[in-house]
file protein31.cif (mmCIF, C-alpha atoms)
data_protein
#
loop_
_atom_site.label_atom_id
_atom_site.label_comp_id
_atom_site.auth_asym_id
_atom_site.auth_seq_id
_atom_site.Cartn_x
_atom_site.Cartn_y
_atom_site.Cartn_z
CA MET A 24 100.16 67.11 116.02
CA ILE A 25 98.12 70.25 116.69
CA SER A 26 97.47 71.54 120.19
CA VAL A 27 94.10 73.29 120.32
CA VAL A 28 94.05 75.53 123.41
CA ILE A 29 90.61 76.61 124.62
CA PRO A 30 90.50 79.04 127.59
CA VAL A 31 87.24 78.54 129.48
CA TYR A 32 85.44 80.93 131.80
CA ASN A 33 81.70 80.76 132.57
CA VAL A 34 80.59 79.68 129.11
CA GLU A 35 78.39 76.70 130.00
CA LYS A 36 75.84 77.75 127.37
CA TYR A 37 78.32 77.68 124.47
CA LEU A 38 81.09 75.30 125.51
CA ASN A 39 79.68 72.07 124.09
CA GLU A 40 79.29 73.59 120.62
CA CYS A 41 82.87 74.87 120.74
CA ILE A 42 84.43 71.57 121.83
CA GLU A 43 82.29 69.51 119.46
CA SER A 44 83.48 71.65 116.55
CA VAL A 45 87.03 70.43 117.29
CA LEU A 46 86.07 66.81 117.92
CA ASN A 47 84.27 66.78 114.56
CA GLN A 48 87.37 67.81 112.60
CA THR A 49 88.24 65.77 109.52
CA TYR A 50 91.90 66.08 110.60
CA LYS A 51 92.41 63.81 113.62
CA ASP A 52 95.98 64.34 114.87
CA TYR A 53 95.33 66.85 117.62
CA GLU A 54 94.97 67.34 121.34
CA ILE A 55 92.53 69.67 123.08
CA ILE A 56 93.74 71.58 126.14
CA LEU A 57 90.82 73.04 128.09
CA VAL A 58 92.04 75.66 130.55
CA ASP A 59 89.29 76.28 133.08
CA ASP A 60 90.14 79.76 134.35
CA GLY A 61 88.26 79.61 137.65
CA SER A 62 84.75 79.21 136.22
CA THR A 63 81.91 79.58 138.74
CA ASP A 64 79.24 77.92 136.57
CA SER A 65 79.21 74.33 135.26
CA SER A 66 81.93 74.95 132.66
CA GLY A 67 84.57 73.11 134.69
CA HIS A 68 82.35 70.01 134.99
CA ILE A 69 81.67 70.08 131.24
CA CYS A 70 85.43 70.14 130.62
CA ASP A 71 85.96 67.16 132.92
CA SER A 72 83.23 65.15 131.19
CA TYR A 73 84.96 65.57 127.83
CA MET A 74 88.32 64.54 129.33
CA THR A 75 86.70 61.38 130.70
CA ALA A 76 85.13 60.54 127.34
CA ASP A 77 88.08 61.26 125.02
CA SER A 78 91.79 60.68 125.65
CA ARG A 79 92.73 63.57 123.34
CA VAL A 80 91.22 66.04 125.79
CA ARG A 81 93.20 67.43 128.72
CA VAL A 82 91.81 69.76 131.37
CA ILE A 83 93.68 72.25 133.53
CA HIS A 84 91.80 73.97 136.36
CA GLN A 85 93.37 77.18 137.64
CA LYS A 86 92.49 80.27 139.64
CA ASN A 87 90.97 83.04 137.58
CA GLY A 88 93.77 84.97 135.92
CA GLY A 89 92.20 86.22 132.71
CA LEU A 90 92.41 85.25 129.06
CA SER A 91 96.15 85.90 128.69
CA ALA A 92 97.02 83.74 131.70
CA ALA A 93 94.81 80.90 130.43
CA ARG A 94 96.34 81.00 126.95
CA ASN A 95 99.86 81.07 128.41
CA THR A 96 99.06 78.01 130.50
CA GLY A 97 97.89 76.20 127.37
CA LEU A 98 100.98 77.23 125.45
CA LYS A 99 103.25 75.91 128.21
CA GLU A 100 101.42 72.58 128.30
CA ALA A 101 101.06 72.10 124.54
CA LYS A 102 102.74 69.03 123.06
CA GLY A 103 101.92 69.68 119.40
CA GLU A 104 104.15 70.97 116.62
CA TYR A 105 101.41 73.49 115.84
CA ILE A 106 99.19 75.45 118.19
CA TYR A 107 95.78 77.02 117.75
CA PHE A 108 93.89 79.20 120.28
CA LEU A 109 90.10 78.91 120.06
CA ASP A 110 87.71 81.09 122.08
CA SER A 111 85.27 78.97 124.09
CA ASP A 112 82.09 80.72 122.94
CA ASP A 113 82.95 80.39 119.23
CA TYR A 114 83.52 77.45 116.90
CA ILE A 115 85.37 76.34 113.77
CA GLU A 116 84.31 74.62 110.55
CA ASN A 117 84.99 70.87 110.48
CA HIS A 118 87.81 71.10 107.91
CA THR A 119 89.65 73.96 109.63
CA LEU A 120 92.61 72.13 111.18
CA GLY A 121 93.30 70.06 108.07
CA HIS A 122 93.34 73.07 105.77
CA LEU A 123 95.57 75.06 108.14
CA VAL A 124 98.13 72.28 108.52
CA GLU A 125 98.15 71.83 104.75
CA ALA A 126 98.79 75.55 104.23
CA ALA A 127 101.53 75.67 106.88
CA VAL A 128 103.39 72.67 105.42
CA LYS A 129 102.98 73.69 101.78
CA GLU A 130 104.12 77.27 102.37
CA ILE A 131 106.78 76.37 104.99
CA ALA A 132 105.08 78.99 107.19
CA ASP A 133 105.71 79.91 110.81
CA ALA A 134 102.20 81.32 111.05
CA VAL A 135 99.04 81.13 108.97
CA PHE A 136 96.20 83.64 109.18
CA PHE A 137 92.76 82.91 107.81
CA ASP A 138 89.28 84.37 107.54
CA GLY A 139 86.04 84.01 109.44
CA TYR A 140 82.59 85.41 109.87
CA VAL A 141 80.59 87.07 112.63
CA PHE A 142 77.15 86.13 113.92
CA PHE A 143 75.01 87.82 116.56
CA ASP A 144 73.57 85.81 119.44
CA GLU A 145 70.83 87.37 121.60
CA CYS A 146 71.80 90.88 120.57
CA GLU A 147 71.07 93.19 117.66
CA ASP A 148 73.28 93.24 114.59
CA ASP A 149 75.99 95.88 114.94
CA GLN A 150 77.43 97.11 111.66
CA SER A 151 80.40 98.65 113.50
CA VAL A 152 81.75 95.18 114.35
CA SER A 153 84.69 94.42 112.07
CA GLY A 154 84.20 91.70 109.50
CA TYR A 155 86.59 88.77 109.58
CA SER A 156 86.83 88.19 105.84
CA ARG A 157 89.33 89.69 103.42
CA ARG A 158 88.97 90.69 99.80
CA GLU A 159 92.43 89.60 98.71
CA CYS A 160 94.36 86.35 98.93
CA TYR A 161 97.87 87.24 100.13
CA LYS A 162 101.00 85.45 98.97
CA THR A 163 103.34 84.02 101.61
CA GLN A 164 105.95 86.52 102.72
CA LYS A 165 107.93 87.77 105.70
CA GLY A 166 105.84 88.97 108.63
CA ARG A 167 106.71 92.66 108.49
CA GLU A 168 106.05 92.83 104.76
CA MET A 169 102.73 91.03 105.25
CA LEU A 170 101.74 93.35 108.08
CA LEU A 171 102.48 96.43 105.98
CA GLN A 172 100.40 95.11 103.09
CA LEU A 173 97.47 94.24 105.37
CA LEU A 174 97.56 97.64 107.07
CA LEU A 175 97.71 99.54 103.79
CA ASN A 176 94.77 97.50 102.46
CA ASP A 177 92.81 97.96 105.70
CA GLU A 178 92.58 94.17 106.04
CA TYR A 179 94.64 93.62 109.19
CA ARG A 180 92.75 91.72 111.91
CA THR A 181 94.20 91.24 115.37
CA ALA A 182 92.00 88.33 116.54
CA VAL A 183 94.23 85.49 117.76
CA PRO A 184 91.66 82.76 116.84
CA LEU A 185 92.20 83.79 113.22
CA MET A 186 95.82 82.59 113.34
CA PHE A 187 97.61 79.24 113.43
CA TYR A 188 101.21 78.94 114.65
CA LYS A 189 104.23 76.69 114.80
CA LYS A 190 104.76 76.32 118.53
CA GLU A 191 108.54 76.69 118.31
CA TYR A 192 108.11 79.98 116.44
CA LEU A 193 106.29 81.41 119.47
CA THR A 194 108.63 79.97 122.08
CA ASN A 195 111.84 80.77 120.17
CA HIS A 196 110.78 84.41 119.90
CA ASN A 197 109.50 84.53 123.49
CA LEU A 198 106.00 85.38 122.31
CA TRP A 199 103.57 85.18 125.24
CA PHE A 200 100.36 86.95 126.09
CA LEU A 201 100.64 89.99 128.35
CA ASP A 202 98.81 89.36 131.61
CA GLY A 203 96.29 91.72 133.18
CA ILE A 204 95.04 93.62 130.15
CA LEU A 205 92.15 93.69 127.73
CA HIS A 206 92.87 93.89 123.99
CA GLU A 207 95.71 91.38 124.47
CA ASP A 208 95.31 90.25 120.85
CA GLU A 209 96.30 93.70 119.61
CA LEU A 210 99.76 93.31 121.12
CA PHE A 211 100.32 89.58 120.58
CA THR A 212 99.33 89.46 116.90
CA PHE A 213 101.46 92.50 116.09
CA LEU A 214 104.46 90.88 117.78
CA VAL A 215 103.90 87.65 115.79
CA PHE A 216 104.13 89.58 112.52
CA ASN A 217 106.96 91.78 113.79
CA ALA A 218 109.08 88.71 114.64
CA ASN A 219 109.37 88.48 110.84
CA GLY A 220 108.96 84.76 110.19
CA MET A 221 107.21 83.42 107.11
CA VAL A 222 103.46 84.13 107.19
CA ALA A 223 100.88 82.50 104.91
CA HIS A 224 97.22 83.26 104.23
CA CYS A 225 94.48 80.64 103.99
CA HIS A 226 91.74 82.52 102.15
CA GLU A 227 88.82 80.60 103.65
CA GLN A 228 86.14 81.49 106.22
CA LEU A 229 86.91 78.83 108.80
CA TYR A 230 86.05 80.59 112.06
CA ALA A 231 82.67 81.62 113.49
CA ARG A 232 82.82 84.46 116.00
CA ARG A 233 79.82 84.86 118.27
CA ILE A 234 78.85 88.40 119.32
CA ARG A 235 76.87 88.19 122.54
CA PRO A 236 75.97 90.43 125.49
CA GLY A 237 78.61 90.31 128.22
CA SER A 238 81.45 88.87 126.13
CA ILE A 239 84.87 90.32 126.94
CA MET A 240 85.07 92.80 124.08
CA THR A 241 81.38 93.75 123.97
CA GLY A 242 81.07 94.69 127.65
CA SER A 243 81.42 98.25 129.00
CA LYS A 244 84.87 98.61 130.64
CA MET A 245 86.03 101.95 129.31
CA LEU A 246 88.71 102.85 131.87
CA ARG A 247 90.28 99.40 131.77
CA ARG A 248 90.21 99.44 127.97
CA TYR A 249 92.03 102.78 128.00
CA GLU A 250 94.64 101.51 130.46
CA SER A 251 95.12 98.32 128.45
CA LEU A 252 95.65 100.17 125.16
CA LEU A 253 98.10 102.52 126.86
CA ARG A 254 100.03 99.51 128.18
CA ILE A 255 100.14 98.05 124.66
CA TYR A 256 101.49 101.35 123.32
CA GLN A 257 104.15 101.34 126.04
CA GLU A 258 105.15 97.74 125.30
CA ILE A 259 105.61 98.48 121.59
CA GLU A 260 107.49 101.68 122.40
CA SER A 261 109.89 99.73 124.60
CA GLY A 262 110.45 97.39 121.65
CA TYR A 263 111.52 100.38 119.55
CA LYS A 264 114.04 101.39 122.19
CA ILE A 265 115.78 98.01 122.30
CA GLY A 266 115.59 97.45 118.54
CA ASN A 267 113.07 94.58 118.51
CA VAL A 268 110.42 96.68 116.77
CA ALA A 269 111.21 98.49 113.52
CA GLY A 270 110.03 99.27 110.02
CA LYS A 271 107.25 101.07 108.17
CA ALA A 272 104.59 98.58 109.30
CA ALA A 273 105.53 99.10 112.94
CA ASP A 274 105.30 102.88 112.50
CA LEU A 275 101.83 102.57 110.96
CA TYR A 276 100.68 100.23 113.69
CA MET A 277 102.03 102.51 116.42
CA ILE A 278 99.96 105.35 114.97
CA ARG A 279 96.90 103.10 114.96
CA VAL A 280 97.39 102.15 118.63
CA ALA A 281 98.13 105.76 119.60
CA LYS A 282 94.89 106.90 117.97
CA SER A 283 93.02 104.24 119.97
CA VAL A 284 94.62 105.45 123.21
CA TRP A 285 93.74 109.05 122.40
CA GLY A 286 90.16 108.12 121.45
CA LYS A 287 89.57 106.01 124.57
CA PHE A 288 90.84 108.85 126.77
CA GLN A 289 88.34 111.24 125.18
CA SER A 290 85.54 108.78 126.04
CA LEU A 291 86.40 108.59 129.74
CA GLU A 292 84.33 110.30 132.40
CA GLU A 293 85.94 113.44 133.83
CA LYS A 294 86.75 111.77 137.17
CA ASP A 295 88.57 108.97 135.34
CA LYS A 296 90.44 111.44 133.14
CA GLU A 297 91.77 113.11 136.27
CA LYS A 298 92.91 109.78 137.69
CA VAL A 299 95.02 108.91 134.65
CA PHE A 300 95.98 112.38 133.45
CA ILE A 301 99.66 112.30 134.45
CA GLU A 302 100.22 109.04 132.55
CA TYR A 303 98.20 110.37 129.62
CA GLN A 304 100.36 113.49 129.57
CA ARG A 305 103.47 111.29 129.32
CA PHE A 306 101.84 109.41 126.44
CA CYS A 307 101.08 112.64 124.55
CA LYS A 308 104.64 113.89 125.02
CA ASN A 309 105.94 110.57 123.71
CA VAL A 310 103.74 110.85 120.60
CA LEU A 311 104.90 114.42 120.00
CA GLY A 312 108.55 113.37 120.22
CA HIS A 313 108.34 110.06 118.31
CA ASN A 314 110.29 110.15 115.06
CA GLY A 315 108.21 107.39 113.49
CA PHE A 316 105.00 109.39 113.60
CA GLY A 317 104.21 111.14 110.37
CA ASP A 318 100.61 111.77 111.46
CA SER A 319 100.53 115.50 112.14
CA LYS A 320 96.80 115.45 112.98
CA LEU A 321 97.44 113.00 115.81
CA LYS A 322 100.24 115.18 117.17
CA ILE A 323 97.98 118.23 117.08
CA LYS A 324 95.25 116.30 118.92
CA CYS A 325 97.71 115.21 121.61
CA SER A 326 99.11 118.70 122.01
CA THR A 327 95.64 120.26 122.19
CA GLY A 328 94.44 117.51 124.52
CA ILE A 329 97.15 118.24 127.08
CA GLN A 330 96.34 121.95 127.04
CA LYS A 331 92.59 121.37 127.47
CA GLN A 332 93.01 118.88 130.30
CA LEU A 333 95.50 121.11 132.10
CA TYR A 334 92.98 123.94 131.85
CA ARG A 335 90.26 121.74 133.36
CA VAL A 336 92.53 120.67 136.24
CA GLU A 337 93.63 124.25 136.87
CA TYR A 338 90.00 125.42 136.85
CA LYS A 339 88.94 122.78 139.38
CA LEU A 340 91.88 123.56 141.65
CA ASN A 341 90.96 127.24 141.59
CA GLN A 342 87.36 126.37 142.48
CA ILE A 343 88.54 124.32 145.46
CA ILE A 344 90.84 127.13 146.61
CA LYS A 345 87.99 129.66 146.40
CA ARG A 346 85.67 127.42 148.45
CA ASN A 347 88.30 127.07 151.17
CA GLN A 348 89.11 130.78 151.44
#

call {"tool": "encode", "arguments": {"input": "protein31.cif", "output": "structure tokens"}}
result
Amino acid sequence: MISVVIPVYNVEKYLNECIESVLNQTYKDYEIILVDDGSTDSSGHICDSYMTADSRVRVIHQKNGGLSAARNTGLKEAKGEYIYFLDSDDYIENHTLGHLVEAAVKEIADAVFFDGYVFFDECEDDQSVSGYSRRECYKTQKGREMLLQLLLNDEYRTAVPLMFYKKEYLTNHNLWFLDGILHEDELFTFLVFNANGMVAHCHEQLYARRIRPGSIMTGSKMLRRYESLLRIYQEIESGYKIGNVAGKAADLYMIRVAKSVWGKFQSLEEKDKEKVFIEYQRFCKNVLGHNGFGDSKLKIKCSTGIQKQLYRVEYKLNQIIKRNQ
């Protein structure tokens, strides 16, 4: 059986389409776990109506805790051998579950990643949004080898709804979503590959991602995004220290995350930069001293960034001292 976990928060406009896309699957051995994460619109009532109409649907209502908390609740409650996390404003093609189970069984895979496509809803097309399709069809291999190949080909995608898992693979490796951050997929998906089980690729566009105003990753939350990416960097760094994270792919991914942290810091307003500067300084020092980083340009940026920000802080302190003299 497959457990399809759908976290739900204020998506009354899109929820029916999402749930119906699961109910219309050609593969029928599944359960749907709707985790209502404290919705304030009619989403919770919509969930309950589906539970009343179909015995395969379960609903859990909980206080708002964010996407990670909702997914973790679904993972704990899941009864299936396989688990799939679907975002509640998106949908899947009607043969998705059948094709993913077939790939997982045939390839004896712990995880299967697949392709999708993006569509824009009530907003202009944005060419900067990453596509969800891949040029190549990848042969089944160990997770770290697969991750390295995807990174080198620039075809690595972090989106959790583009992956399908054996539940015991996640629980045996203690793979849970980190609470309280944005960009949670960027940590979780990396850890799935890093756990080094067998990973297969289903080279089909099975997932439809909706880009809409106000969705989690299209809203403007720059400071929280910066803090979340920094937390992800710190989590991966702690994995290095205890030996859970290793290899060329991990080094490449650490560089990628570090560049994102550096870039988000540059985009912050000055007042926010001052708030987080001490932690950012620690991050830069860590990058400069990390043996796995072969990216000299990044190290130069971090070194220069510390010097510039220290100059700004020193200048402002001097201005305050002058005003008070």

call {"tool": "resolve_selection", "arguments": {"input": "protein31.cif", "expression": "the PyMOL selection byres ((chain A and resi 163) around 8)", "output": "PyMOL selection string"}}
result
chain A and resi 130+132+161-162+164-165+169+221-224

call {"tool": "write_last_selection", "arguments": {"input": "protein31.cif", "atoms": "C-alpha atoms", "output": "CSV table (one decimal), keeping the file's coordinate frame"}}
result
chain,number,residue,atom,x,y,z
A,130,GLU,CA,104.1,77.3,102.4
A,132,ALA,CA,105.1,79.0,107.2
A,161,TYR,CA,97.9,87.2,100.1
A,162,LYS,CA,101.0,85.4,99.0
A,164,GLN,CA,106.0,86.5,102.7
A,165,LYS,CA,107.9,87.8,105.7
A,169,MET,CA,102.7,91.0,105.2
A,221,MET,CA,107.2,83.4,107.1
A,222,VAL,CA,103.5,84.1,107.2
A,223,ALA,CA,100.9,82.5,104.9
A,224,HIS,CA,97.2,83.3,104.2

call {"tool": "resolve_selection", "arguments": {"input": "protein31.cif", "expression": "the PyMOL selection byres ((chain A and resi 229-236) around 6)", "output": "count of residues only"}}
result
15

call {"tool": "atom_distance", "arguments": {"input": "protein31.cif", "atom1": "CA of Met245 in chain A", "atom2": "CA of Gly286 in chain A"}}
result
10.8 Å

call {"tool": "resolve_selection", "arguments": {"input": "protein31.cif", "expression": "the PyMOL selection byres ((chain A and resi 204) around 10)", "output": "ChimeraX atom specification"}}
result
/A:89-91,200-203,205-208,247-255

call {"tool": "write_last_selection", "arguments": {"input": "protein31.cif", "atoms": "C-alpha atoms", "output": "short mmCIF file (atom, residue, chain, number, x, y, z; two decimals), in the frame of the given file"}}
result
data_model
loop_
_atom_site.label_atom_id
_atom_site.label_comp_id
_atom_site.auth_asym_id
_atom_site.auth_seq_id
_atom_site.Cartn_x
_atom_site.Cartn_y
_atom_site.Cartn_z
CA GLY A 89 92.20 86.22 132.71
CA LEU A 90 92.41 85.25 129.06
CA SER A 91 96.15 85.90 128.69
CA PHE A 200 100.36 86.95 126.09
CA LEU A 201 100.64 89.99 128.35
CA ASP A 202 98.81 89.36 131.61
CA GLY A 203 96.29 91.72 133.18
CA LEU A 205 92.15 93.69 127.73
CA HIS A 206 92.87 93.89 123.99
CA GLU A 207 95.71 91.38 124.47
CA ASP A 208 95.31 90.25 120.85
CA ARG A 247 90.28 99.40 131.77
CA ARG A 248 90.21 99.44 127.97
CA TYR A 249 92.03 102.78 128.00
CA GLU A 250 94.64 101.51 130.46
CA SER A 251 95.12 98.32 128.45
CA LEU A 252 95.65 100.17 125.16
CA LEU A 253 98.10 102.52 126.86
CA ARG A 254 100.03 99.51 128.18
CA ILE A 255 100.14 98.05 124.66
#

call {"tool": "closest_residue", "arguments": {"input": "protein31.cif", "among": "A:Glu260, A:Glu168, A:Glu125, A:Glu209", "to": "Ser283 in chain A", "atoms": "only C-alpha atoms"}}
result
A:Glu209

call {"tool": "closest_residue", "arguments": {"input": "protein31.cif", "among": "A:Leu175, A:Ala269, A:Cys307, A:Met24", "to": "Gly121 in chain A", "atoms": "all atoms listed in the file"}}
result
A:Met24

call {"tool": "residues_around", "arguments": {"input": "protein31.cif", "residues": "Ile56 in chain A", "least_positions_apart": "6", "cutoff": "8 Å", "atoms": "all atoms listed in the file", "output": "number ranges by chain"}}
result
A: 26-29, 80-83, 97, 101

call {"tool": "residues_near_point", "arguments": {"input": "protein31.cif", "point": "(107.5, 81.7, 117.3)", "cutoff": "12 Å", "atoms": "all atoms listed in the file", "output": "PDB file with C-alpha atoms, in the coordinates of the input"}}
result
ATOM      1  CA  LEU A  98     100.980  77.230 125.450  1.00  0.00           C
ATOM      2  CA  GLU A 104     104.150  70.970 116.620  1.00  0.00           C
ATOM      3  CA  TYR A 105     101.410  73.490 115.840  1.00  0.00           C
ATOM      4  CA  ILE A 106      99.190  75.450 118.190  1.00  0.00           C
ATOM      5  CA  ALA A 132     105.080  78.990 107.190  1.00  0.00           C
ATOM      6  CA  ASP A 133     105.710  79.910 110.810  1.00  0.00           C
ATOM      7  CA  ALA A 134     102.200  81.320 111.050  1.00  0.00           C
ATOM      8  CA  VAL A 135      99.040  81.130 108.970  1.00  0.00           C
ATOM      9  CA  GLY A 166     105.840  88.970 108.630  1.00  0.00           C
ATOM     10  CA  PHE A 187      97.610  79.240 113.430  1.00  0.00           C
ATOM     11  CA  TYR A 188     101.210  78.940 114.650  1.00  0.00           C
ATOM     12  CA  LYS A 189     104.230  76.690 114.800  1.00  0.00           C
ATOM     13  CA  LYS A 190     104.760  76.320 118.530  1.00  0.00           C
ATOM     14  CA  GLU A 191     108.540  76.690 118.310  1.00  0.00           C
ATOM     15  CA  TYR A 192     108.110  79.980 116.440  1.00  0.00           C
ATOM     16  CA  LEU A 193     106.290  81.410 119.470  1.00  0.00           C
ATOM     17  CA  THR A 194     108.630  79.970 122.080  1.00  0.00           C
ATOM     18  CA  ASN A 195     111.840  80.770 120.170  1.00  0.00           C
ATOM     19  CA  HIS A 196     110.780  84.410 119.900  1.00  0.00           C
ATOM     20  CA  ASN A 197     109.500  84.530 123.490  1.00  0.00           C
ATOM     21  CA  LEU A 198     106.000  85.380 122.310  1.00  0.00           C
ATOM     22  CA  TRP A 199     103.570  85.180 125.240  1.00  0.00           C
ATOM     23  CA  PHE A 211     100.320  89.580 120.580  1.00  0.00           C
ATOM     24  CA  THR A 212      99.330  89.460 116.900  1.00  0.00           C
ATOM     25  CA  LEU A 214     104.460  90.880 117.780  1.00  0.00           C
ATOM     26  CA  VAL A 215     103.900  87.650 115.790  1.00  0.00           C
ATOM     27  CA  PHE A 216     104.130  89.580 112.520  1.00  0.00           C
ATOM     28  CA  ASN A 217     106.960  91.780 113.790  1.00  0.00           C
ATOM     29  CA  ALA A 218     109.080  88.710 114.640  1.00  0.00           C
ATOM     30  CA  ASN A 219     109.370  88.480 110.840  1.00  0.00           C
ATOM     31  CA  GLY A 220     108.960  84.760 110.190  1.00  0.00           C
ATOM     32  CA  MET A 221     107.210  83.420 107.110  1.00  0.00           C
ATOM     33  CA  VAL A 222     103.460  84.130 107.190  1.00  0.00           C
TER      34      VAL A 222
END

call {"tool": "residues_near_point", "arguments": {"input": "protein31.cif", "point": "(92.7, 78.7, 116.8)", "cutoff": "7 Å", "atoms": "all atoms listed in the file", "output": "JSON, numbers by chain"}}
result
{"A": [27, 107, 108, 109, 184, 185, 186, 187]}

call {"tool": "atom_distance", "arguments": {"input": "protein31.cif", "atom1": "CA of Ala182 in chain A", "atom2": "CA of Ser62 in chain A"}}
result
22.9 Å

call {"tool": "residues_around", "arguments": {"input": "protein31.cif", "residues": "Glu43 in chain A", "least_positions_apart": "4", "cutoff": "12 Å", "atoms": "all atoms listed in the file", "output": "ChimeraX atom specification"}}
result
/A:37-39,47-48,55,69-70,73,77,80,111-117

call {"tool": "write_last_selection", "arguments": {"input": "protein31.cif", "atoms": "C-alpha atoms", "output": "compact mmCIF listing (two decimals), keeping the file's coordinate frame"}}
result
# COMPACT_ATOMS: atom_id res chain seq x y z
CA TYR A 37 78.32 77.68 124.47
CA LEU A 38 81.09 75.30 125.51
CA ASN A 39 79.68 72.07 124.09
CA ASN A 47 84.27 66.78 114.56
CA GLN A 48 87.37 67.81 112.60
CA ILE A 55 92.53 69.67 123.08
CA ILE A 69 81.67 70.08 131.24
CA CYS A 70 85.43 70.14 130.62
CA TYR A 73 84.96 65.57 127.83
CA ASP A 77 88.08 61.26 125.02
CA VAL A 80 91.22 66.04 125.79
CA SER A 111 85.27 78.97 124.09
CA ASP A 112 82.09 80.72 122.94
CA ASP A 113 82.95 80.39 119.23
CA TYR A 114 83.52 77.45 116.90
CA ILE A 115 85.37 76.34 113.77
CA GLU A 116 84.31 74.62 110.55
CA ASN A 117 84.99 70.87 110.48
